[in-house]
Every structure is written in structure tokens, then in C-alpha cells.
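Worksheet: one structure, shown below.
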Amino acid sequence: MHYPVIVFNNSHDPAERCAGGIVHARIGGLHSTVDSRKAPVQPGASSTRTRPERFEELYCIIASSQEPCTVQVSAECTAAVLCFMENYPGTIQDFKAVVLTTTPDKAAEGSIIKTFGALVRMGMSPSQARLLVVQAPRDLPVDEVVPALITYLKGQYPTDIPAVAVLHQSPAYSRVVEHQLPVPAILDRAIDFEVLLREARERGEDGQTLRQLSAKVLAQRALLAQRSEINDASHMLGLPAISQHAVLQPTLSDTEANHAAFSSSDATPALAVPMPALVQMGEVPAAGDRGESQHY
């Protein structure tokens, strides 16, 4: 099912950086992060990292794919992607949903309002947009967490207010980013670091490997403790649960297209590496990976 979603991050907050993985866990399919930083890509044939100047190639892969696609745009790349969309009118309308993430501070509210307005001018329908507020205090309603944003939406689009979902304050997301956990695979229990730790212990792996896996186990537990809230947020965003547990593999043509578009050092394809080596590199073990892992 062709269902492309684009996620615009407003900052490098860990919860915002997890948003693409959360969307990906919901819809499955392909996943790419538009990011200007040099960062490793976690294992998985359907995950890539794209530099902003190569967004056109990524767009062509998305447009030609029959699978769901999640594109996460990191904060520093938003301007470049918006410029591309302005140069090619109608591009934003190709995405079934546009998710904008933000933290609850005044500067972030001003930034997301500016981005929202720019996207509307480029043709995005307000009903096409979804807003995800992260690191929200648990004791406040959303209209008190981001008052300027809610006031803007009610004033500009009183009959077509976008869905607003919330992820509350939690240390889980910083642990996920720190240990580079594959959010979709963990949420769907396609990978379990407790099992991997037990198996590594039975194989007699060295102490460093076991310690690193133990840290990932704790990060996994922290993320799973937020699973119910994450599911509620995904539902609130109105995203269809297209393939929450299926193993989605790219077709031959998709694989060839990814190789052609991302063969340079600007976008590193995933490689199959033995588990101990991955742990030492700070990557996620390949065992049990669905090929849908998020990367930073």
C-alpha cells in the first residue's frame, strides 16, 4: 500500500528524534532520515540516511514504491527540504500525512508555527497535518503546554484543526538515542535485547559485550514502559496500522533503486555484521531485525 508520511523535527530533542521510528512502527515499509550529520545507519535493508541535497533521489524512490514510506527530516534540514518543495509545487501533497514535532517551549512553538504556515502556502491541507508535542508535562492539558500553537491553529483553521498528539516527559527517549535502539522492532517485539543478552551470556561473550547489551536491555525496558502512550499517540495522529508486525522487504527494483541513489558516502546502506561486532560499534544486533530500524 502506497502511504508516504513525512515527519519534520523541530529540534534534536531525543523524543523528536524517535518520532520517525514511532511512525514507522505504525505503518511499516521503507524508512529514511534526511540528515546532514555523519552518523551510522543501523542494520536493515529498508533503512537509509539521505543528505538534504539528495532529497530529489529519495523522493523518486518514495514515489515509485508500492510500500508505506516514512521520511524523517532532521531539524537542520527542514529549510532545505522546504526549499525543494517550494521549487516543485505540489510535492507536499504527495504525502498522505505530514507530522510536525515540537517541544513545549516558546522558541519551538514559534518555529513550528512558521514551518506549518510555509507548508500550507505550498499546498498542504491543514487536515493533512498532524502535530506531535513531546516532553509535555503530565499534569497539564495540551492547550496549556503549547498555548501559542493551539491559539494559532484555532485562529487560522477553526473548522479544520489538525490532530494533536502528546508524548509526556520520559527519560526513555534519551536512552533510546544514546544506545541507538531500533524503535519499530522493539515496539513490535521483533527484537528483544533480553533474549540477546541471555544468548550472548550462554555463548560466553566477553564482559564488555555483555555490559553493552545490559545497557540496551535497560533502555528497551524504558521504551516499552512508554508503549501504551506511544500507541495512543499513534492512534491520535490518525495513522493507519498498515503493517505493524509484518516483515516488509523491498522488492528487487526497490533494492536496486536504493543502491543507485544511496551508494555514495552521503547515504550509507545497512550491512550485515556479526552481533559482537555490532555491539562494539554501538550498533544494534542484526538478529531479529525486521529491516525497519531507525537510525541517527
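Going by the C-alpha cells order, chains are called A, B, ..., each with residues numbered from 1, while ligands are numbered from 1 in the order shown.
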
Given only C-alpha atoms, how would the per-residue table for segment 171-227 of chain A near segment 5-19 of chain A read, listing every residue at most 9 Å away with its closest atom pair and distance in Å to one decimal, sorted by chain and number, as JSON lines?
{"residue": "A:Ala172", "atom": "CA", "partner": "A:Ala15", "partner_atom": "CA", "distance": 8.4}
{"residue": "A:Tyr173", "atom": "CA", "partner": "A:Ala15", "partner_atom": "CA", "distance": 5.1}
{"residue": "A:Ser174", "atom": "CA", "partner": "A:Pro14", "partner_atom": "CA", "distance": 5.1}
{"residue": "A:Arg175", "atom": "CA", "partner": "A:Pro14", "partner_atom": "CA", "distance": 8.4}
{"residue": "A:Val176", "atom": "CA", "partner": "A:Cys18", "partner_atom": "CA", "distance": 7.9}
{"residue": "A:Val177", "atom": "CA", "partner": "A:Pro14", "partner_atom": "CA", "distance": 6.2}
{"residue": "A:Glu178", "atom": "CA", "partner": "A:Pro14", "partner_atom": "CA", "distance": 8.8}
{"residue": "A:Val183", "atom": "CA", "partner": "A:Cys18", "partner_atom": "CA", "distance": 7.2}

Practice problem: Excluding segment 142-152 of chain A and any residue of its chain fewer than 3 positions from it, enumerate the residues within 6 Å of it, using only C-alpha atoms, and give them as JSON, numbers by chain. | Solution: {"A": [104, 109, 155, 156]}

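Across segment 5-70 of chain A, DSSP run on the backbone finds strand (DSSP E) at Val5, Ile6, Val7, Phe8, Leu30, His31, Ser32, Thr33, Val34, Ser47, Thr48, Arg49, Thr50, Pro68, Cys69 and Thr70 of chain A.
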
Please save N, CA and C atoms of the selected residues as a short mmCIF file (atom, residue, chain, number, x, y, z; two decimals), in the first residue's frame.
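Output file part-v7.cif follows:
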data_model
loop_
_atom_site.label_atom_id
_atom_site.label_comp_id
_atom_site.auth_asym_id
_atom_site.auth_seq_id
_atom_site.Cartn_x
_atom_site.Cartn_y
_atom_site.Cartn_z
N VAL A 5 4.59 9.14 4.46
CA VAL A 5 4.44 10.09 5.56
C VAL A 5 5.76 10.82 5.72
N ILE A 6 5.70 12.13 5.91
CA ILE A 6 6.92 12.90 6.17
C ILE A 6 6.83 13.50 7.56
N VAL A 7 7.92 13.40 8.31
CA VAL A 7 8.00 13.89 9.69
C VAL A 7 9.04 15.00 9.75
N PHE A 8 8.62 16.19 10.16
CA PHE A 8 9.54 17.31 10.32
C PHE A 8 9.87 17.49 11.79
N LEU A 30 9.27 1.36 4.13
CA LEU A 30 10.59 1.95 4.00
C LEU A 30 10.76 3.11 4.96
N HIS A 31 12.02 3.41 5.28
CA HIS A 31 12.30 4.49 6.22
C HIS A 31 13.60 5.17 5.84
N SER A 32 13.59 6.50 5.78
CA SER A 32 14.82 7.24 5.54
C SER A 32 14.83 8.50 6.39
N THR A 33 16.01 8.84 6.90
CA THR A 33 16.20 10.06 7.66
C THR A 33 17.00 11.04 6.82
N VAL A 34 16.45 12.24 6.63
CA VAL A 34 17.18 13.30 5.94
C VAL A 34 18.01 14.02 6.99
N SER A 47 16.29 0.74 5.54
CA SER A 47 16.61 1.99 6.22
C SER A 47 17.79 2.66 5.56
N THR A 48 17.67 3.96 5.33
CA THR A 48 18.76 4.72 4.73
C THR A 48 18.85 6.08 5.39
N ARG A 49 19.99 6.71 5.20
CA ARG A 49 20.17 8.09 5.61
C ARG A 49 20.47 8.89 4.35
N THR A 50 19.80 10.02 4.20
CA THR A 50 19.92 10.82 2.99
C THR A 50 20.36 12.24 3.34
N PRO A 68 4.43 1.46 2.18
CA PRO A 68 4.41 2.66 3.02
C PRO A 68 5.83 3.21 3.16
N CYS A 69 5.97 4.49 3.34
CA CYS A 69 7.28 5.11 3.48
C CYS A 69 7.23 6.16 4.58
N THR A 70 8.25 6.17 5.42
CA THR A 70 8.40 7.22 6.43
C THR A 70 9.67 8.00 6.14
#

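Here atom CA of Ala136 of chain A is placed at a distance of 6.3 Å from atom CA of Leu167 of chain A.
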
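Between Asp94 of chain A and the residues A:Ser111, A:Gln220, A:Gln66, A:Gln128, the shortest atom-to-atom distance, using only C-alpha atoms, involves A:Gln128.
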
Extract, using only C-alpha atoms, all DNA, RNA and protein residues at most 9 Å from Val81 of chain A, discarding same-chain residues fewer than 5 positions from it, and format them as a compact mmCIF listing (two decimals) with C-alpha atoms, in the first residue's frame.
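out-v2.txt was written with the following content:
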# COMPACT_ATOMS: atom_id res chain seq x y z
CA VAL A 34 17.18 13.30 5.94
CA PRO A 52 19.38 17.09 2.06
CA GLU A 53 20.95 17.82 -1.32
CA PHE A 55 16.29 14.65 -1.45
CA VAL A 73 13.57 15.37 8.28
CA GLU A 86 8.79 25.30 -2.98
